[in-house]
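Pasting data02.cif here (mmCIF, C-alpha atoms and all ligand atoms):
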data_work
#
loop_
_atom_site.label_atom_id
_atom_site.label_comp_id
_atom_site.auth_asym_id
_atom_site.auth_seq_id
_atom_site.Cartn_x
_atom_site.Cartn_y
_atom_site.Cartn_z
CA MET Z 8 9.24 12.13 3.26
CA PRO Z 9 6.89 13.44 1.99
CA GLU Z 10 5.75 10.51 -0.15
CA LEU Z 11 2.86 10.03 -2.54
CA PRO Z 12 -0.01 10.34 0.00
CA GLU Z 13 1.45 13.53 1.49
CA ALA Z 14 1.90 15.11 -1.95
CA GLU Z 15 -1.67 14.10 -2.85
CA THR Z 16 -2.95 15.64 0.40
CA ILE Z 17 -1.23 18.92 -0.47
CA VAL Z 18 -2.63 18.84 -4.01
CA ARG Z 19 -6.18 18.33 -2.73
CA GLY Z 20 -5.80 21.15 -0.22
CA LEU Z 21 -4.49 23.53 -2.87
CA ARG Z 22 -7.15 22.56 -5.42
CA ALA Z 23 -9.89 23.38 -2.93
CA HIS Z 24 -8.56 26.90 -2.38
CA ILE Z 25 -6.52 28.37 -5.21
CA LEU Z 26 -7.69 26.83 -8.47
CA ASN Z 27 -8.47 29.66 -10.94
CA SER Z 28 -6.56 32.20 -8.85
CA ARG Z 29 -4.26 34.65 -10.58
CA ILE Z 30 -0.60 34.98 -9.53
CA LEU Z 31 0.09 38.67 -8.81
CA SER Z 32 3.67 38.46 -7.57
CA ILE Z 33 6.40 35.91 -6.90
CA ASP Z 34 9.13 36.57 -4.35
CA PHE Z 35 12.15 34.56 -3.32
CA PRO Z 36 13.09 36.14 0.02
CA ARG Z 37 16.16 33.97 0.57
CA ALA Z 38 17.59 33.86 -2.94
CA ARG Z 39 21.08 33.26 -1.59
CA TYR Z 40 20.05 29.88 -0.26
CA PHE Z 41 17.28 28.80 -2.59
CA ARG Z 42 17.61 28.92 -6.35
CA PRO Z 43 14.57 28.01 -8.39
CA GLN Z 44 15.20 26.95 -11.98
CA PHE Z 45 13.68 28.88 -14.85
CA GLU Z 46 13.42 28.07 -18.54
CA GLU Z 47 12.36 31.66 -19.17
CA PRO Z 48 12.11 34.81 -17.05
CA VAL Z 49 9.88 34.51 -14.03
CA GLU Z 50 7.93 37.57 -15.26
CA HIS Z 51 6.17 35.27 -17.72
CA TYR Z 52 4.34 33.79 -14.77
CA LEU Z 53 3.02 37.07 -13.43
CA GLU Z 54 -0.69 37.61 -13.98
CA SER Z 55 -1.01 33.96 -15.03
CA ARG Z 56 -4.02 31.95 -13.88
CA ILE Z 57 -3.75 28.63 -12.05
CA ILE Z 58 -5.74 26.21 -14.20
CA ASP Z 59 -4.77 22.87 -12.69
CA ILE Z 60 -2.91 21.39 -9.72
CA PHE Z 61 -1.86 17.77 -9.81
CA ARG Z 62 0.78 15.33 -8.66
CA HIS Z 63 3.38 13.16 -10.29
CA GLY Z 64 4.87 10.76 -7.76
CA LYS Z 65 5.98 12.92 -4.85
CA SER Z 66 6.05 16.17 -6.84
CA VAL Z 67 3.34 18.82 -6.89
CA ILE Z 68 2.71 20.42 -10.28
CA ILE Z 69 0.87 23.71 -10.75
CA GLN Z 70 -0.30 24.38 -14.29
CA VAL Z 71 -0.89 27.99 -15.25
CA LYS Z 72 -2.09 29.89 -18.29
CA THR Z 73 -0.09 33.04 -18.94
CA LEU Z 74 -1.48 36.36 -20.15
CA GLU Z 75 -0.45 35.29 -23.67
CA GLU Z 76 -2.57 32.13 -23.20
CA ALA Z 77 0.51 29.89 -23.08
CA GLU Z 78 0.50 26.91 -20.73
CA ARG Z 79 3.35 26.74 -18.26
CA PHE Z 80 4.17 24.55 -15.28
CA LEU Z 81 5.58 25.03 -11.86
CA VAL Z 82 7.07 21.77 -10.59
CA ILE Z 83 7.71 21.57 -6.84
CA ARG Z 84 9.81 18.78 -5.44
CA LEU Z 85 9.21 18.71 -1.72
CA GLY Z 86 12.46 16.99 -0.79
CA MET Z 87 12.67 16.04 2.87
CA THR Z 88 10.85 18.89 4.57
CA GLY Z 89 9.19 20.97 1.84
CA GLN Z 90 5.80 22.49 2.70
CA LEU Z 91 3.32 24.33 0.52
CA LEU Z 92 1.21 26.46 2.81
CA LEU Z 93 -1.71 28.78 2.23
CA GLY Z 94 -1.71 31.98 4.25
CA ASP Z 95 1.09 34.05 5.70
CA HIS Z 96 3.93 31.74 6.66
CA THR Z 97 6.96 33.94 6.31
CA ASP Z 98 9.90 33.02 8.46
CA ARG Z 99 13.55 32.10 7.91
CA HIS Z 100 12.60 28.86 6.14
CA THR Z 101 10.26 30.48 3.61
CA HIS Z 102 11.83 30.38 0.16
CA ALA Z 103 9.04 31.43 -2.17
CA ILE Z 104 5.94 33.56 -1.71
CA PHE Z 105 3.18 33.73 -4.32
CA CYS Z 106 0.62 36.50 -3.83
CA LEU Z 107 -2.68 35.57 -5.40
CA ASP Z 108 -5.62 37.70 -6.48
CA SER Z 109 -8.02 36.47 -3.81
CA PRO Z 110 -7.56 39.23 -1.21
CA GLY Z 111 -4.75 38.41 1.18
CA MET Z 112 -4.23 34.94 -0.27
CA ARG Z 113 -0.65 33.73 -0.34
CA LEU Z 114 1.00 30.45 -1.19
CA CYS Z 115 4.29 29.95 0.66
CA PHE Z 116 6.98 27.35 0.08
CA ARG Z 117 8.82 26.51 3.30
CA ASP Z 118 11.69 24.07 3.45
CA SER Z 119 13.88 23.86 6.55
CA ARG Z 120 16.38 21.31 5.24
CA GLN Z 121 16.46 22.74 1.71
CA PHE Z 122 16.40 19.55 -0.32
CA GLY Z 123 13.29 20.78 -2.13
CA LYS Z 124 13.34 22.20 -5.64
CA MET Z 125 11.19 24.52 -7.68
CA LEU Z 126 11.24 24.51 -11.48
CA PHE Z 127 9.40 26.86 -13.84
CA VAL Z 128 9.09 24.98 -17.14
CA LYS Z 129 7.28 24.87 -20.46
CA ASP Z 130 6.56 21.15 -20.12
CA TRP Z 131 6.73 19.04 -16.96
CA ARG Z 132 6.95 15.62 -18.62
CA PRO Z 133 10.61 15.57 -19.74
CA ILE Z 134 11.70 16.20 -16.15
CA PHE Z 135 10.33 12.85 -15.11
CA ARG Z 136 11.41 10.79 -18.08
CA SER Z 137 13.21 7.71 -16.86
CA GLN Z 138 16.96 8.13 -17.02
CA LYS Z 139 17.95 4.52 -16.83
CA THR Z 140 17.40 2.22 -19.75
CA LEU Z 141 16.51 -1.35 -19.02
CA SER Z 142 18.67 -4.12 -20.34
CA LEU Z 143 17.48 -5.53 -23.67
CA ARG Z 144 16.79 -8.88 -22.07
CA HIS Z 145 14.57 -7.29 -19.44
CA GLN Z 146 12.77 -5.14 -22.02
CA LYS Z 147 11.89 -8.23 -24.00
CA LYS Z 148 10.42 -9.88 -20.95
CA ALA Z 149 8.78 -6.88 -19.26
CA ALA Z 150 7.40 -4.96 -22.21
CA PRO Z 151 7.52 -7.08 -25.38
CA GLU Z 152 5.64 -4.51 -27.50
CA ALA Z 153 7.97 -1.68 -26.60
CA TYR Z 154 10.91 -3.99 -27.19
CA ALA Z 155 9.67 -4.81 -30.68
CA LEU Z 156 9.09 -1.14 -31.43
CA ASN Z 157 12.50 -0.29 -30.12
CA LYS Z 158 14.13 -2.88 -32.38
CA LEU Z 159 12.23 -1.41 -35.31
CA ASN Z 160 13.06 2.22 -34.62
CA ARG Z 161 16.44 1.63 -33.01
CA GLN Z 162 15.46 4.23 -30.46
CA PRO Z 163 16.69 4.04 -26.90
CA PHE Z 164 13.80 2.65 -24.93
CA THR Z 165 13.01 3.92 -21.48
CA LEU Z 166 10.29 2.57 -19.30
CA PRO Z 167 8.31 5.56 -18.00
CA ALA Z 168 8.02 5.68 -14.23
CA SER Z 169 4.57 4.58 -13.17
CA ASP Z 170 2.33 5.96 -10.45
CA PRO Z 171 0.88 3.13 -8.37
CA LEU Z 172 -2.47 4.92 -8.15
CA LYS Z 173 -2.64 5.28 -11.91
CA ILE Z 174 -1.38 1.98 -13.29
CA SER Z 175 -3.15 -1.35 -13.62
CA ALA Z 176 -2.14 -4.53 -11.84
CA GLY Z 177 -0.95 -5.84 -15.22
CA GLU Z 178 1.34 -2.85 -15.70
CA PHE Z 179 2.68 -3.31 -12.20
CA LEU Z 180 3.47 -6.95 -13.01
CA SER Z 181 5.20 -5.98 -16.24
CA ILE Z 182 7.59 -3.84 -14.21
CA PHE Z 183 8.25 -6.16 -11.27
CA TRP Z 184 7.61 -9.76 -12.24
CA LYS Z 185 10.85 -11.73 -12.55
CA ARG Z 186 12.89 -8.64 -11.87
CA ARG Z 187 16.17 -9.26 -10.07
CA GLY Z 188 17.13 -7.75 -6.74
CA MET Z 189 15.50 -7.00 -3.41
CA ILE Z 190 11.87 -5.95 -3.47
CA LYS Z 191 12.25 -2.88 -1.26
CA ALA Z 192 15.15 -1.57 -3.34
CA ALA Z 193 12.99 -1.88 -6.48
CA LEU Z 194 10.03 -0.17 -4.80
CA LEU Z 195 12.22 2.78 -3.85
CA ASN Z 196 13.65 3.01 -7.37
CA GLN Z 197 11.82 6.07 -8.73
CA HIS Z 198 12.69 5.06 -12.29
CA LEU Z 199 10.34 2.11 -11.94
CA LEU Z 200 7.57 3.39 -9.72
CA VAL Z 201 7.10 6.97 -8.56
CA GLY Z 202 5.89 8.10 -5.17
CA VAL Z 203 6.48 5.07 -2.95
CA GLY Z 204 9.12 5.98 -0.40
CA ASN Z 205 10.39 4.50 2.81
CA ILE Z 206 7.27 4.58 5.00
CA TYR Z 207 4.82 3.15 2.50
CA ALA Z 208 7.30 0.54 1.22
CA ASP Z 209 7.72 -0.78 4.80
CA GLU Z 210 4.02 -0.65 5.62
CA SER Z 211 2.86 -2.32 2.41
CA LEU Z 212 5.48 -5.10 2.63
CA PHE Z 213 4.35 -5.80 6.20
CA ALA Z 214 0.72 -5.95 5.10
CA ALA Z 215 1.65 -8.44 2.36
CA ARG Z 216 3.96 -10.45 4.69
CA ILE Z 217 6.90 -9.94 2.35
CA HIS Z 218 10.44 -9.53 3.71
CA PRO Z 219 11.99 -6.23 2.54
CA LYS Z 220 15.08 -8.09 1.32
CA GLN Z 221 13.04 -10.71 -0.55
CA ARG Z 222 14.45 -11.47 -4.01
CA ILE Z 223 11.71 -10.42 -6.42
CA GLN Z 224 12.29 -13.20 -8.94
CA ARG Z 225 11.24 -15.76 -6.34
CA LEU Z 226 7.80 -14.18 -5.86
CA SER Z 227 4.91 -15.64 -7.84
CA LYS Z 228 2.65 -13.54 -10.03
CA GLN Z 229 -0.19 -14.08 -7.54
CA ARG Z 230 1.93 -12.85 -4.65
CA LEU Z 231 2.96 -9.71 -6.56
CA LEU Z 232 -0.65 -9.03 -7.57
CA LYS Z 233 -1.79 -9.38 -3.98
CA TYR Z 234 1.02 -7.03 -2.93
CA PHE Z 235 -0.05 -4.43 -5.49
CA THR Z 236 -3.65 -4.52 -4.22
CA LEU Z 237 -2.45 -3.95 -0.65
CA LEU Z 238 -0.07 -1.16 -1.66
CA VAL Z 239 -2.84 0.76 -3.43
CA LYS Z 240 -5.17 0.20 -0.45
CA ILE Z 241 -2.59 1.57 2.00
CA LEU Z 242 -1.80 4.60 -0.17
CA ASN Z 243 -5.51 5.42 -0.49
CA ASN Z 244 -6.06 4.95 3.20
CA ALA Z 245 -3.16 7.30 3.95
CA ILE Z 246 -4.60 9.92 1.58
CA ASP Z 247 -7.98 9.65 3.33
CA LEU Z 248 -6.23 10.32 6.65
CA GLY Z 249 -4.34 13.34 5.28
CA GLY Z 250 -0.91 11.65 5.01
CA SER Z 251 1.67 10.86 7.70
CA SER Z 252 2.77 13.83 9.81
CA ILE Z 253 6.36 13.06 10.65
CA SER Z 254 9.35 15.29 9.98
CA ASP Z 255 7.45 18.53 9.31
CA PHE Z 256 4.65 17.33 7.08
CA VAL Z 257 1.46 19.38 7.10
CA GLY Z 258 -1.21 19.76 4.43
CA ALA Z 259 -1.70 22.99 2.49
CA THR Z 260 -3.99 24.38 5.17
CA ASN Z 261 -1.46 23.58 7.92
CA VAL Z 262 -3.44 20.55 9.13
CA LEU Z 263 -1.58 17.52 10.47
CA GLY Z 264 -2.12 14.15 8.79
CA GLU Z 265 -3.11 11.14 10.86
CA PHE Z 266 -1.70 8.13 9.02
CA GLN Z 267 1.34 8.03 11.32
CA LEU Z 268 -1.05 6.65 13.95
CA GLU Z 269 -1.69 3.71 11.63
CA HIS Z 270 1.97 2.80 11.11
CA ARG Z 271 2.43 -0.86 11.95
CA VAL Z 272 6.18 -1.29 11.43
CA TYR Z 273 7.68 2.06 10.41
CA GLY Z 274 9.52 3.61 13.36
CA ARG Z 275 8.52 0.77 15.74
CA THR Z 276 11.91 -0.99 16.11
CA GLY Z 277 11.93 -3.32 19.15
CA GLU Z 278 8.17 -3.06 19.69
CA LYS Z 279 5.78 -5.98 19.52
CA CYS Z 280 4.33 -6.94 16.13
CA LEU Z 281 0.74 -5.72 15.86
CA ARG Z 282 -0.45 -8.70 13.83
CA ARG Z 283 -2.81 -10.79 15.94
CA GLY Z 284 -1.21 -13.98 17.25
CA CYS Z 285 2.35 -12.94 16.27
CA SER Z 286 4.93 -12.72 19.02
CA GLY Z 287 7.63 -11.12 16.83
CA LEU Z 288 9.46 -7.92 17.69
CA ILE Z 289 9.90 -5.34 14.91
CA LYS Z 290 13.44 -5.38 13.57
CA HIS Z 291 15.50 -2.69 11.92
CA THR Z 292 17.75 -3.21 8.91
CA VAL Z 293 19.04 -1.15 5.99
CA VAL Z 294 18.02 -1.50 2.33
CA SER Z 295 19.32 0.91 -0.33
CA SER Z 296 20.82 2.89 2.55
CA ARG Z 297 17.32 3.52 3.90
CA SER Z 298 16.22 2.57 7.36
CA THR Z 299 13.89 -0.45 7.07
CA HIS Z 300 11.41 -1.99 9.53
CA TYR Z 301 9.86 -5.47 9.43
CA CYS Z 302 8.63 -8.35 11.56
CA PRO Z 303 11.04 -11.31 11.32
CA LEU Z 304 8.24 -13.77 12.10
CA CYS Z 305 5.47 -12.78 9.72
CA GLN Z 306 7.71 -11.47 6.92
CA ARG Z 307 9.90 -14.46 6.10
CA ARG Z 308 12.18 -14.69 3.10
CA ILE Z 309 11.43 -17.44 0.58
ZN ZN M 401 4.68 -10.35 13.09
#
Output the structure of this file as structure tokens.
Ligand SMILES: [Zn+2]
Amino acid sequence: MPELPEAETIVRGLRAHILNSRILSIDFPRARYFRPQFEEPVEHYLESRIIDIFRHGKSVIIQVKTLEEAERFLVIRLGMTGQLLLGDHTDRHTHAIFCLDSPGMRLCFRDSRQFGKMLFVKDWRPIFRSQKTLSLRHQKKAAPEAYALNKLNRQPFTLPASDPLKISAGEFLSIFWKRRGMIKAALLNQHLLVGVGNIYADESLFAARIHPKQRIQRLSKQRLLKYFTLLVKILNNAIDLGGSSISDFVGATNVLGEFQLEHRVYGRTGEKCLRRGCSGLIKHTVVSSRSTHYCPLCQRRI
């Protein structure tokens, strides 16, 4: 938490209010506890104009143009409880305050559990470059063109992490088809796919009737394609409902999301399965040390 839909909800809220605003001041009121990372002095960001706000996976990225017309980026990783709020939200969990040129407008970063991060960088892309290289055998199978290129250039090849709302079904297949291991573990692996966390992995696997511990290599192409369609549908639906408001999540304008009311397995351990005609009770297990929820009757392992 927050996952892709929550980050997207924040981005949309911010875009509606502070695009084209100028940053007048930046304060870190609790510098002892929260240390942002800078590639250059923070003063470079003063008087800069916010020219874009977007998302990569679960991170919010604010693009600014400095007084010298240079483009810079502010990458915010929300961690477990990070909030980006418009207005005056100063309390003991507020770690950064941006005063903007619209009168009285402030952007505050609150984070009670302090797993969030803030980075001021010249380019956001290298931060997200995949760290893990795939085995040569898997490269050959998953991305034959890149494999060939890699052989030619002898460069280390890394598969860039892909955003499920931005990749095609074919690209999704190239990452997951015939991959080894449990499906939920692969979905949570941010080097493969960015933005899908615990809630949406559980909910999408339930929708597709796939057991969270299902070995991926036993799933057919058709089954994976169907899964991808359902995953994208659930993510979009969650964005439309303003995300899931559990563990502190609120949108930029302090509005609660409503997707938590649509959860069908997440957090429902011991309750009756909501699929019509199914008498299963939702079970709890652990995958990749994350709490996992599924229906043992309609999500069977093959
Ligand atoms: Zn069921």
* May I have the residues within 10 Å of Z:Ile190 as a PyMOL selection string, using only C-alpha atoms and disregarding those fewer than 3 positions away in the same chain? => chain Z and resi 183+186-187+193-196+208+212+217-224+226+294
* Please indicate the distance in Å from atom CA of Z:Ile174 to atom CA of Z:Glu269, rounded to one decimal place. => 25.0 Å
* Name each residue within 7 Å of ligand ZN 401 (chain M), counting all atoms listed in the file, as an MDAnalysis selection string. => chainID Z and resid 280:282 285:287 302:306
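Between atom CA of Z:Arg56 and atom CA of Z:Leu91 the interatomic distance comes to 17.9 Å.
With distances restricted to only C-alpha atoms, Z:Leu231 is the closest residue to Z:Leu180 from Z:Leu231, Z:Ile289, Z:Leu242, Z:Ala215.
The interatomic distance for the pair atom CA of Z:Phe135 and atom CA of Z:Arg42 works out to 19.7 Å.
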* To do: List every protein, DNA or RNA residue that has an atom no more than 9 Å from (8.5, 5.1, 0.3) in the file's coordinate frame, counting all atoms listed in the file, and report them as a ChimeraX atom specification.
  => /Z:8-11,191,194-195,202-209
